[in-house]
>>> print(open('entry_37.cif').read())   # mmCIF, C-alpha atoms (C1' of nucleotides)
data_model
#
loop_
_atom_site.label_atom_id
_atom_site.label_comp_id
_atom_site.auth_asym_id
_atom_site.auth_seq_id
_atom_site.Cartn_x
_atom_site.Cartn_y
_atom_site.Cartn_z
CA MET A 217 -15.87 3.37 19.56
CA ARG A 218 -19.62 3.53 19.22
CA GLU A 219 -21.08 3.50 15.72
CA ARG A 220 -21.73 7.03 14.63
CA GLY A 221 -23.92 8.61 11.99
CA ARG A 222 -27.34 7.89 10.55
CA PRO A 223 -27.78 4.13 10.17
CA GLU A 224 -29.22 4.20 6.66
CA GLN A 225 -26.39 6.45 5.50
CA ARG A 226 -23.94 4.05 7.05
CA GLN A 227 -25.53 1.16 5.19
CA ALA A 228 -25.36 3.10 1.93
CA PHE A 229 -21.69 3.87 2.48
CA LEU A 230 -21.02 0.26 3.33
CA ALA A 231 -22.78 -1.07 0.24
CA GLY A 232 -20.94 1.39 -1.95
CA ALA A 233 -17.64 0.51 -0.31
CA VAL A 234 -18.24 -3.19 -0.96
CA GLU A 235 -18.87 -2.41 -4.60
CA HIS A 236 -15.72 -0.33 -4.78
CA VAL A 237 -13.55 -2.94 -3.08
CA LEU A 238 -14.86 -5.65 -5.39
CA ARG A 239 -13.79 -3.56 -8.33
CA HIS A 240 -10.49 -2.17 -7.11
CA GLY A 241 -9.21 -4.62 -4.55
CA ALA A 242 -8.92 -4.51 -0.81
CA SER A 243 -5.27 -4.31 0.15
CA GLY A 244 -4.71 -1.06 -1.69
CA LEU A 245 -7.89 0.57 -0.44
CA SER A 246 -7.44 4.22 0.23
CA LEU A 247 -9.94 6.55 1.75
CA ARG A 248 -9.93 9.51 -0.61
CA PRO A 249 -10.61 7.64 -3.87
CA LEU A 250 -13.28 5.58 -2.13
CA ALA A 251 -14.86 8.70 -0.70
CA ALA A 252 -14.85 10.31 -4.14
CA ALA A 253 -16.58 7.28 -5.62
CA LEU A 254 -19.21 7.50 -2.89
CA GLY A 255 -19.66 11.24 -3.25
CA THR A 256 -18.30 12.04 0.20
CA SER A 257 -15.04 12.88 1.87
CA ASP A 258 -12.55 10.77 3.74
CA ARG A 259 -13.59 12.79 6.76
CA MET A 260 -17.09 11.30 6.61
CA LEU A 261 -15.90 7.73 6.17
CA LEU A 262 -13.76 8.09 9.26
CA TYR A 263 -16.68 9.61 11.10
CA TYR A 264 -18.90 6.66 10.22
CA PHE A 265 -16.40 3.83 10.54
CA GLY A 266 -13.75 5.08 12.93
CA SER A 267 -10.65 4.16 10.96
CA ARG A 268 -9.57 2.74 7.65
CA GLU A 269 -8.90 -0.61 9.32
CA LEU A 270 -12.37 -0.84 10.86
CA LEU A 271 -13.99 0.16 7.58
CA LEU A 272 -12.03 -2.46 5.70
CA GLY A 273 -12.87 -5.11 8.27
CA THR A 274 -16.61 -4.52 8.07
CA VAL A 275 -16.50 -4.37 4.26
CA LEU A 276 -14.67 -7.68 4.07
CA ASP A 277 -16.96 -9.33 6.58
CA ARG A 278 -19.91 -8.27 4.50
CA VAL A 279 -18.32 -9.74 1.40
CA GLY A 280 -17.83 -12.98 3.31
CA ASP A 281 -21.52 -12.98 4.24
CA GLY A 282 -22.40 -12.50 0.60
CA LEU A 283 -20.22 -15.36 -0.49
CA VAL A 284 -21.80 -17.89 1.85
CA ALA A 285 -25.25 -16.51 1.06
CA ALA A 286 -24.67 -16.96 -2.67
CA LEU A 287 -23.58 -20.53 -2.10
CA SER A 288 -26.61 -21.26 0.05
CA GLU A 289 -28.86 -19.87 -2.62
CA ALA A 290 -27.29 -21.91 -5.39
CA VAL A 291 -26.84 -25.20 -3.58
CA PRO A 292 -30.06 -26.68 -2.17
CA ALA A 293 -30.16 -27.37 1.54
CA GLY A 294 -29.82 -30.96 2.65
CA ARG A 295 -26.91 -33.32 2.44
CA SER A 296 -25.08 -34.41 -0.70
CA HIS A 297 -22.11 -36.62 -1.37
CA PRO A 298 -18.84 -34.67 -1.30
CA GLU A 299 -18.19 -35.00 -5.03
CA VAL A 300 -21.66 -33.73 -5.82
CA LEU A 301 -21.04 -30.81 -3.54
CA LEU A 302 -17.69 -30.11 -5.14
CA ARG A 303 -19.22 -30.17 -8.59
CA ALA A 304 -22.04 -27.85 -7.49
CA VAL A 305 -19.78 -25.35 -5.75
CA TRP A 306 -17.38 -25.32 -8.66
CA SER A 307 -20.15 -24.59 -11.10
CA VAL A 308 -21.19 -21.65 -8.94
CA ALA A 309 -17.60 -20.48 -8.79
CA ARG A 310 -17.32 -20.50 -12.56
CA GLU A 311 -20.24 -18.11 -13.01
CA THR A 312 -18.82 -14.85 -14.28
CA ASP A 313 -20.65 -12.58 -11.87
CA VAL A 314 -19.09 -14.15 -8.79
CA GLU A 315 -15.59 -13.85 -10.20
CA PRO A 316 -14.86 -10.54 -8.45
CA VAL A 317 -15.96 -12.00 -5.14
CA LEU A 318 -13.65 -14.96 -5.55
CA ARG A 319 -10.74 -12.78 -6.57
CA LEU A 320 -11.33 -10.76 -3.44
CA TYR A 321 -11.62 -13.95 -1.41
CA LEU A 322 -8.18 -15.05 -2.54
CA GLU A 323 -6.79 -11.60 -1.91
CA ILE A 324 -8.09 -11.80 1.64
CA MET A 325 -6.55 -15.22 2.18
CA GLY A 326 -3.23 -14.10 0.75
CA GLN A 327 -3.07 -11.02 2.93
CA ALA A 328 -4.08 -13.15 5.89
CA ALA A 329 -1.19 -15.50 5.17
CA ALA A 330 1.06 -12.44 5.13
CA GLN A 331 -0.40 -11.50 8.52
CA VAL A 332 -1.72 -8.11 7.49
CA ALA A 333 -4.39 -6.53 9.68
CA PRO A 334 -7.34 -6.79 9.50
CA PHE A 335 -7.19 -9.58 6.94
CA ALA A 336 -6.08 -12.35 9.26
CA ALA A 337 -9.10 -11.93 11.52
CA VAL A 338 -11.52 -11.64 8.62
CA ALA A 339 -10.05 -14.68 6.91
CA ALA A 340 -10.53 -16.79 10.01
CA ARG A 341 -14.17 -15.72 10.30
CA VAL A 342 -14.92 -16.30 6.63
CA ALA A 343 -13.20 -19.67 6.60
CA HIS A 344 -15.12 -20.81 9.65
CA ARG A 345 -18.44 -19.83 8.10
CA TRP A 346 -17.41 -21.65 4.96
CA LEU A 347 -16.55 -24.72 7.01
CA ASP A 348 -19.84 -24.62 8.89
CA TRP A 349 -21.71 -24.31 5.62
CA ALA A 350 -19.94 -27.32 4.15
CA GLN A 351 -20.30 -29.34 7.33
CA ASP A 352 -24.07 -28.86 7.17
CA ARG A 353 -24.27 -30.06 3.59
CA VAL A 354 -21.84 -32.91 3.32
CA ASP A 355 -23.32 -36.38 3.42
CA VAL A 356 -20.81 -38.38 5.43
CA PRO A 357 -20.85 -39.92 8.92
CA VAL A 358 -20.93 -37.32 11.67
CA ALA A 359 -17.44 -38.09 12.86
CA GLU A 360 -15.98 -37.31 9.45
CA ARG A 361 -17.97 -34.21 8.67
CA GLN A 362 -15.48 -31.66 9.91
CA ASP A 363 -12.61 -33.20 7.99
CA ALA A 364 -14.70 -33.69 4.88
CA ALA A 365 -15.73 -30.04 4.99
CA ALA A 366 -12.12 -29.00 5.41
CA GLY A 367 -11.10 -31.18 2.48
CA LEU A 368 -13.80 -29.69 0.31
CA LEU A 369 -12.81 -26.15 1.23
CA ALA A 370 -9.16 -26.86 0.57
CA THR A 371 -9.94 -28.37 -2.81
CA ILE A 372 -12.05 -25.42 -3.88
CA ASP A 373 -9.52 -22.87 -2.69
CA GLY A 374 -6.70 -24.61 -4.50
CA LEU A 375 -8.72 -24.78 -7.68
CA LEU A 376 -9.40 -21.07 -7.40
CA ILE A 377 -5.72 -20.29 -7.18
CA LEU A 378 -5.04 -22.50 -10.18
CA ASN A 379 -7.90 -20.82 -11.97
CA PHE A 380 -6.60 -17.29 -11.51
CA ALA A 381 -2.86 -17.98 -11.66
CA VAL A 382 -2.72 -20.34 -14.58
CA GLY A 383 -6.07 -20.30 -16.32
CA SER A 384 -9.56 -21.67 -16.08
CA GLY A 385 -8.92 -24.54 -18.50
CA VAL A 386 -6.33 -26.11 -16.25
CA ALA A 387 -8.55 -25.75 -13.21
CA ASP A 388 -11.54 -27.25 -15.00
CA ARG A 389 -9.60 -30.30 -16.06
CA ALA A 390 -8.16 -30.63 -12.56
CA VAL A 391 -11.70 -30.70 -11.18
CA LEU A 392 -12.64 -33.54 -13.48
CA ARG A 393 -9.56 -35.46 -12.46
CA LEU A 394 -10.23 -34.92 -8.76
CA LEU A 395 -13.81 -36.10 -9.25
CA ASP A 396 -12.80 -39.17 -11.25
CA GLN A 397 -10.40 -40.56 -8.78
CA ARG A 398 -12.72 -40.67 -5.81
CA MET B 141 16.86 -0.66 -19.20
CA ARG B 142 20.21 -2.37 -19.00
CA GLU B 143 21.22 -3.78 -15.63
CA ARG B 144 23.38 -1.27 -13.85
CA GLY B 145 25.87 -1.49 -11.03
CA ARG B 146 28.44 -4.01 -9.92
CA PRO B 147 27.05 -7.53 -10.33
CA GLU B 148 28.14 -8.81 -6.92
CA GLN B 149 26.62 -5.77 -5.24
CA ARG B 150 23.42 -6.38 -7.14
CA GLN B 151 23.37 -9.99 -5.95
CA ALA B 152 23.95 -8.87 -2.39
CA PHE B 153 21.08 -6.38 -2.61
CA LEU B 154 18.85 -9.01 -4.15
CA ALA B 155 19.62 -11.58 -1.46
CA GLY B 156 18.99 -9.02 1.25
CA ALA B 157 15.76 -7.92 -0.40
CA VAL B 158 14.53 -11.53 -0.52
CA GLU B 159 15.26 -11.85 3.18
CA HIS B 160 13.44 -8.61 3.91
CA VAL B 161 10.40 -9.52 1.82
CA LEU B 162 10.17 -12.92 3.47
CA ARG B 163 10.05 -11.18 6.82
CA HIS B 164 7.86 -8.21 6.04
CA GLY B 165 5.69 -9.20 3.11
CA ALA B 166 5.72 -8.25 -0.52
CA SER B 167 2.64 -6.18 -1.26
CA GLY B 168 3.56 -3.48 1.22
CA LEU B 169 7.19 -3.34 0.19
CA SER B 170 8.53 0.15 0.23
CA LEU B 171 11.93 1.29 -0.90
CA ARG B 172 13.13 3.39 1.97
CA PRO B 173 12.69 0.85 4.78
CA LEU B 174 14.18 -1.86 2.58
CA ALA B 175 17.12 0.37 1.72
CA ALA B 176 17.67 1.12 5.40
CA ALA B 177 17.70 -2.60 6.18
CA LEU B 178 20.29 -3.12 3.46
CA GLY B 179 22.39 -0.17 4.52
CA THR B 180 21.76 1.82 1.37
CA SER B 181 19.38 4.40 0.02
CA ASP B 182 16.28 4.09 -2.13
CA ARG B 183 18.30 5.92 -4.74
CA MET B 184 20.70 2.99 -5.03
CA LEU B 185 17.97 0.38 -5.25
CA LEU B 186 16.43 2.29 -8.12
CA TYR B 187 19.85 2.59 -9.72
CA TYR B 188 20.38 -1.16 -9.54
CA PHE B 189 16.87 -2.38 -10.33
CA GLY B 190 15.24 0.39 -12.30
CA SER B 191 11.97 0.67 -10.44
CA ARG B 192 10.15 -0.69 -7.45
CA GLU B 193 8.09 -2.94 -9.70
CA LEU B 194 11.14 -4.46 -11.40
CA LEU B 195 12.84 -4.98 -8.06
CA LEU B 196 9.78 -6.68 -6.63
CA GLY B 197 9.42 -8.86 -9.71
CA THR B 198 12.98 -10.15 -9.55
CA VAL B 199 12.75 -10.71 -5.80
CA LEU B 200 9.58 -12.74 -6.18
CA ASP B 201 10.93 -14.74 -9.08
CA ARG B 202 13.92 -15.63 -6.98
CA VAL B 203 11.66 -16.75 -4.14
CA GLY B 204 9.81 -18.93 -6.64
CA ASP B 205 13.10 -20.48 -7.72
CA GLY B 206 13.91 -21.20 -4.11
CA LEU B 207 10.59 -22.87 -3.50
CA VAL B 208 10.90 -25.31 -6.37
CA ALA B 209 14.54 -25.91 -5.48
CA ALA B 210 13.61 -26.74 -1.89
CA LEU B 211 11.00 -29.20 -3.11
CA SER B 212 13.44 -30.83 -5.50
CA GLU B 213 15.94 -31.22 -2.73
CA ALA B 214 13.44 -32.78 -0.34
CA VAL B 215 11.60 -35.05 -2.75
CA PRO B 216 13.79 -37.53 -4.58
CA ALA B 217 13.75 -37.46 -8.36
CA GLY B 218 11.81 -40.16 -10.14
CA ARG B 219 8.10 -40.85 -10.27
CA SER B 220 5.85 -41.54 -7.31
CA HIS B 221 2.17 -42.19 -6.95
CA PRO B 222 0.18 -38.96 -6.47
CA GLU B 223 -0.73 -39.68 -2.86
CA VAL B 224 2.90 -40.39 -2.00
CA LEU B 225 3.84 -37.13 -3.62
CA LEU B 226 1.13 -35.24 -1.75
CA ARG B 227 2.32 -36.69 1.53
CA ALA B 228 5.92 -35.81 0.78
CA VAL B 229 5.19 -32.27 -0.32
CA TRP B 230 2.95 -31.68 2.65
CA SER B 231 5.62 -32.85 5.06
CA VAL B 232 8.03 -30.38 3.48
CA ALA B 233 5.43 -27.64 3.73
CA ARG B 234 5.00 -28.28 7.43
CA GLU B 235 8.65 -27.66 8.21
CA THR B 236 8.88 -24.45 10.16
CA ASP B 237 11.68 -22.90 8.16
CA VAL B 238 9.73 -22.91 4.91
CA GLU B 239 6.71 -21.27 6.52
CA PRO B 240 7.72 -17.73 5.50
CA VAL B 241 8.19 -18.85 1.92
CA LEU B 242 4.73 -20.39 1.85
CA ARG B 243 3.13 -17.34 3.41
CA LEU B 244 4.77 -15.27 0.71
CA TYR B 245 3.63 -17.74 -1.93
CA LEU B 246 0.02 -17.30 -0.87
CA GLU B 247 0.44 -13.56 -0.73
CA ILE B 248 1.68 -13.63 -4.31
CA MET B 249 -1.26 -15.75 -5.43
CA GLY B 250 -3.73 -13.49 -3.66
CA GLN B 251 -2.30 -10.34 -5.18
CA ALA B 252 -2.28 -12.08 -8.54
CA ALA B 253 -5.96 -12.88 -8.16
CA ALA B 254 -6.48 -9.20 -7.40
CA GLN B 255 -4.60 -8.43 -10.59
CA VAL B 256 -1.91 -6.33 -8.99
CA ALA B 257 1.32 -5.80 -10.95
CA PRO B 258 3.79 -7.45 -10.98
CA PHE B 259 2.21 -10.28 -9.02
CA ALA B 260 0.05 -11.68 -11.79
CA ALA B 261 3.02 -12.31 -14.06
CA VAL B 262 5.14 -13.75 -11.27
CA ALA B 263 2.31 -16.01 -10.13
CA ALA B 264 1.91 -17.46 -13.59
CA ARG B 265 5.63 -18.18 -13.85
CA VAL B 266 5.83 -19.75 -10.40
CA ALA B 267 2.73 -21.86 -10.96
CA HIS B 268 4.03 -23.15 -14.25
CA ARG B 269 7.34 -24.15 -12.73
CA TRP B 270 5.43 -25.87 -9.95
CA LEU B 271 3.31 -27.69 -12.53
CA ASP B 272 6.35 -28.80 -14.50
CA TRP B 273 7.97 -30.04 -11.34
CA ALA B 274 4.91 -32.09 -10.41
CA GLN B 275 4.45 -33.36 -13.94
CA ASP B 276 7.96 -34.75 -13.88
CA ARG B 277 7.40 -36.60 -10.62
CA VAL B 278 3.91 -37.96 -10.79
CA ASP B 279 3.58 -41.62 -11.67
CA VAL B 280 0.51 -41.78 -13.90
CA PRO B 281 0.00 -42.41 -17.62
CA VAL B 282 1.44 -39.67 -19.80
CA ALA B 283 -1.94 -38.42 -20.94
CA GLU B 284 -3.01 -37.74 -17.36
CA ARG B 285 0.16 -36.17 -16.08
CA GLN B 286 -0.76 -32.58 -16.68
CA ASP B 287 -4.11 -32.92 -14.97
CA ALA B 288 -2.66 -34.94 -12.13
CA ALA B 289 -0.04 -32.27 -11.55
CA ALA B 290 -2.71 -29.58 -11.58
CA GLY B 291 -4.77 -31.56 -9.11
CA LEU B 292 -1.80 -31.97 -6.81
CA LEU B 293 -0.94 -28.28 -6.97
CA ALA B 294 -4.53 -27.31 -6.28
CA THR B 295 -4.73 -29.64 -3.32
CA ILE B 296 -1.53 -28.31 -1.78
CA ASP B 297 -2.50 -24.68 -2.32
CA GLY B 298 -5.91 -25.21 -0.76
CA LEU B 299 -4.35 -26.94 2.22
CA LEU B 300 -1.98 -24.02 2.65
CA ILE B 301 -4.85 -21.57 2.76
CA LEU B 302 -6.63 -23.72 5.29
CA ASN B 303 -3.42 -24.00 7.24
CA PHE B 304 -2.88 -20.26 7.57
CA ALA B 305 -6.49 -19.10 7.77
CA VAL B 306 -7.88 -21.66 10.19
CA GLY B 307 -4.97 -23.52 11.71
CA SER B 308 -2.57 -26.31 11.03
CA GLY B 309 -4.60 -28.96 12.87
CA VAL B 310 -7.52 -28.63 10.48
CA ALA B 311 -5.24 -28.78 7.46
CA ASP B 312 -3.39 -31.82 8.77
CA ARG B 313 -6.61 -33.75 9.30
CA ALA B 314 -7.86 -32.67 5.88
CA VAL B 315 -4.71 -34.13 4.35
CA LEU B 316 -5.33 -37.45 6.00
CA ARG B 317 -8.89 -37.46 4.76
CA LEU B 318 -7.86 -36.60 1.20
CA LEU B 319 -5.31 -39.43 1.30
CA ASP B 320 -7.74 -41.96 2.72
CA GLN B 321 -10.39 -41.53 0.17
CA ARG B 322 -8.29 -42.14 -2.89
"C1'" DC C 289 -36.06 29.11 25.23
"C1'" DG C 290 -31.47 27.82 26.06
"C1'" DT C 291 -28.19 24.25 25.64
"C1'" DA C 292 -26.00 20.21 24.21
"C1'" DT C 293 -25.30 16.82 20.81
"C1'" DC C 294 -25.09 15.32 16.00
"C1'" DG C 295 -23.85 15.34 11.17
"C1'" DT C 296 -21.06 17.66 7.95
"C1'" DG C 297 -17.87 20.91 5.46
"C1'" DT C 298 -13.13 23.01 5.02
"C1'" DA C 299 -8.23 23.06 6.03
"C1'" DG C 300 -4.49 21.32 7.34
"C1'" DC C 301 -0.81 18.39 9.66
"C1'" DA C 302 2.89 15.22 9.69
"C1'" DC C 303 4.50 11.74 7.22
"C1'" DC C 304 5.41 8.60 3.47
"C1'" DT C 305 5.64 7.34 -1.60
"C1'" DG C 306 8.37 6.44 -5.99
"C1'" DC C 307 11.35 8.84 -8.49
"C1'" DT C 308 14.69 12.51 -10.23
"C1'" DA C 309 18.10 16.36 -10.69
"C1'" DC C 310 22.58 17.36 -9.69
"C1'" DG C 311 27.22 16.96 -8.15
"C1'" DT C 312 31.47 14.19 -7.86
"C1'" DA C 313 35.40 10.95 -7.05
"C1'" DG C 314 37.48 7.46 -9.46
"C1'" DA C 315 38.27 4.48 -13.24
"C1'" DA C 316 38.57 3.51 -18.19
"C1'" DC C 317 39.53 4.83 -22.70
"C1'" DC C 318 41.47 7.35 -26.74
"C1'" DG D 288 46.21 13.88 -20.27
"C1'" DG D 289 41.95 15.08 -21.35
"C1'" DT D 290 37.27 13.08 -21.73
"C1'" DT D 291 33.73 10.02 -20.94
"C1'" DC D 292 31.52 6.72 -18.20
"C1'" DT D 293 30.36 4.42 -13.75
"C1'" DA D 294 28.91 4.10 -9.00
"C1'" DC D 295 27.29 6.65 -5.49
"C1'" DG D 296 25.76 10.73 -2.07
"C1'" DT D 297 22.58 14.60 -1.05
"C1'" DA D 298 18.42 17.06 -1.70
"C1'" DG D 299 14.31 17.63 -3.26
"C1'" DC D 300 9.79 17.30 -5.89
"C1'" DA D 301 4.98 16.34 -6.52
"C1'" DG D 302 1.64 13.80 -4.90
"C1'" DG D 303 -0.55 10.67 -1.80
"C1'" DT D 304 -1.59 8.75 3.18
"C1'" DG D 305 -4.56 8.37 7.49
"C1'" DC D 306 -6.24 11.29 10.55
"C1'" DT D 307 -7.51 15.70 13.20
"C1'" DA D 308 -8.83 20.53 14.54
"C1'" DC D 309 -12.30 23.64 14.07
"C1'" DA D 310 -16.43 25.90 12.62
"C1'" DC D 311 -21.41 25.79 11.97
"C1'" DG D 312 -26.23 24.80 11.04
"C1'" DA D 313 -29.73 21.64 12.50
"C1'" DT D 314 -31.94 18.97 15.63
"C1'" DA D 315 -33.03 16.96 20.14
"C1'" DC D 316 -33.65 17.73 24.84
"C1'" DG D 317 -33.91 20.01 29.50
#
>>> encode(input="entry_37.cif", output="structure tokens")
Amino acid sequence: MRERGRPEQRQAFLAGAVEHVLRHGASGLSLRPLAAALGTSDRMLLYYFGSRELLLGTVLDRVGDGLVAALSEAVPAGRSHPEVLLRAVWSVARETDVEPVLRLYLEIMGQAAAQVAPFAAVAARVAHRWLDWAQDRVDVPVAERQDAAAGLLATIDGLLILNFAVGSGVADRAVLRLLDQR
Amino acid sequence: MRERGRPEQRQAFLAGAVEHVLRHGASGLSLRPLAAALGTSDRMLLYYFGSRELLLGTVLDRVGDGLVAALSEAVPAGRSHPEVLLRAVWSVARETDVEPVLRLYLEIMGQAAAQVAPFAAVAARVAHRWLDWAQDRVDVPVAERQDAAAGLLATIDGLLILNFAVGSGVADRAVLRLLDQR
DNA sequence: CGTATCGTGTAGCACCTGCTACGTAGAACC
DNA sequence: GGTTCTACGTAGCAGGTGCTACACGATACG
């Protein structure tokens, strides 16, 4: 289906929807409450985005963009040793204003693991952008870059789970331990 | 609310519900389809478990039990070096018959990050049991055991995300890299 | 100027949700 | 033997779901 509606209105809806999903979660998103928060009706959201699933997909993709953009802004371009990168990314992750994004990130990954549409597709896209980002920054021989990036991503993701499931103290100490032993 | 109903019937319902949740996911669980699969009515499930949320909580706790039990069965008791433990746990995780359990595990963690009831509480319990399990098996000085266990758990969880979001090949190579560099 | 398309409002449809009210056969208890 | 309690069936309630049908003014276009 072609994109319908005035482009700037669509952008406004999208931005508002991102905000709303960051606050209230993605898997339980429902059109009427979202529409109310945006000052519209479900009818209009469907007109602009086609279906709940399409709306959710574009919202989540935009969140993924924002995540990588925030990382790029915080971590200088150029290559660093993996542990430096880990430390830098973790310090970004522990900033309070990115917490909702990271909670949403884990929600996406969890729903993707459960094979819920459209999360699986979004998760693959986000993860690949994440991997590309890390591959461009990690200072290891070319042949190892892909695996090093994957290792970094896995480490961060695991720490995030620990962080939200058990508590930030445990995750922080786990970071130190992971850094020490390399 | 006291537990109602015949105990063996309750166990049968619970076992069937675990099966159903492993197949169809937890966050979208709904009483009527589950009841149909079990050959009952939603009415009966509520009679036996009190509410959807209580039912879901006990189902997920039981899945958590099963996960730790499966690990204990596969990995011999006694202490091993962290990398040996990582390798062992990862080889268990890659068995095809535990895949649904791990997908569900990530779904739980994702919903917990999104602060959805009852997932947050279940996630904390499961993670702590996981941590205790690892703490009892890891062969490092006592003072470091807690952090080593947390590091192991984080690594595994991250690898699982990578595994389901990107593909098993990437995760497998990331494991090798994480093992090499220690 | 007439006509077609676009953006939007109002209503509503069919279905699903957790949960409850009520009735009842059988068993347990006094 | 009457009463109370337990396990269960049937029906239904109030509210939510994504989505659609239809009307209508405005705007663009021939």
>>> closest_atom_pairs(input="entry_37.cif", of="chain B", to="chain C", cutoff="12 Å", atoms="all atoms listed in the file", output="tab-separated table")
residue	atom	partner	partner_atom	distance
B:Gly168	CA	C:DT305	C1'	11.4
B:Leu169	CA	C:DT305	C1'	10.9
B:Ser170	CA	C:DT305	C1'	8.0
B:Leu171	CA	C:DG306	C1'	8.1
B:Arg172	CA	C:DT305	C1'	9.2
B:Pro173	CA	C:DC304	C1'	10.7
B:Asp182	CA	C:DG306	C1'	9.1
B:Arg183	CA	C:DC307	C1'	8.4
B:Met184	CA	C:DC307	C1'	11.6
B:Leu185	CA	C:DC307	C1'	11.2
B:Leu186	CA	C:DC307	C1'	8.3
B:Tyr187	CA	C:DC307	C1'	10.6
B:Gly190	CA	C:DC307	C1'	10.1
B:Ser191	CA	C:DG306	C1'	8.1
B:Arg192	CA	C:DG306	C1'	7.5
B:Glu193	CA	C:DG306	C1'	10.1
>>> closest_atom_pairs(input="entry_37.cif", of="chain D", to="chain B", cutoff="9 Å", atoms="all atoms listed in the file", output="JSON lines")
{"residue": "D:DT293", "atom": "C1'", "partner": "B:Gly145", "partner_atom": "CA", "distance": 7.9}
{"residue": "D:DA294", "atom": "C1'", "partner": "B:Gly145", "partner_atom": "CA", "distance": 6.7}
{"residue": "D:DC295", "atom": "C1'", "partner": "B:Met184", "partner_atom": "CA", "distance": 7.6}
>>> interface_residues(input="entry_37.cif", of="chain A", to="chain B", cutoff="7 Å", atoms="all atoms listed in the file", output="number ranges by chain")
A: 241, 319-320, 322-323, 325-330, 336, 339-340, 343, 363-364, 366-367, 370-375, 377-378, 380-382, 386, 389-390, 393-394, 397-398
>>> residues_near_point(input="entry_37.cif", point="(10.6, -36.6, -10.2)", cutoff="9 Å", atoms="only C-alpha atoms (C1' of nucleotides)", output="PDB file with C-alpha atoms, in the coordinates of the input")
ATOM      1  CA  SER B 212      13.440 -30.830  -5.500  1.00  0.00           C
ATOM      2  CA  VAL B 215      11.600 -35.050  -2.750  1.00  0.00           C
ATOM      3  CA  PRO B 216      13.790 -37.530  -4.580  1.00  0.00           C
ATOM      4  CA  ALA B 217      13.750 -37.460  -8.360  1.00  0.00           C
ATOM      5  CA  GLY B 218      11.810 -40.160 -10.140  1.00  0.00           C
ATOM      6  CA  ARG B 219       8.100 -40.850 -10.270  1.00  0.00           C
ATOM      7  CA  SER B 220       5.850 -41.540  -7.310  1.00  0.00           C
ATOM      8  CA  TRP B 273       7.970 -30.040 -11.340  1.00  0.00           C
ATOM      9  CA  ALA B 274       4.910 -32.090 -10.410  1.00  0.00           C
ATOM     10  CA  GLN B 275       4.450 -33.360 -13.940  1.00  0.00           C
ATOM     11  CA  ASP B 276       7.960 -34.750 -13.880  1.00  0.00           C
ATOM     12  CA  ARG B 277       7.400 -36.600 -10.620  1.00  0.00           C
ATOM     13  CA  VAL B 278       3.910 -37.960 -10.790  1.00  0.00           C
ATOM     14  CA  ASP B 279       3.580 -41.620 -11.670  1.00  0.00           C
TER      15      ASP B 279
END
>>> atom_distance(input="entry_37.cif", atom1="atom CA of B:Ala152", atom2="atom CA of B:Leu178")
9.0 Å
>>> resolve_selection(input="entry_37.cif", expression="the PyMOL selection byres ((chain A and resi 230) around 10)", output="number ranges by chain")
A: 224-229, 231-236, 254, 261, 264-265, 271-272, 274-275, 278
>>> atom_distance(input="entry_37.cif", atom1="atom C1' of D:DG289", atom2="atom CA of B:Arg142")
28.0 Å
>>> atom_distance(input="entry_37.cif", atom1="atom CA of A:Leu301", atom2="atom CA of A:Ser384")
19.3 Å
>>> axis_aligned_box(input="entry_37.cif", around="stretch 334-340 of chain A", padding_each_side="3 Å", output="AutoDock Vina command-line options")
--center_x -8.8 --center_y -11.8 --center_z 9.2 --size_x 11.4 --size_y 16.0 --size_z 10.6
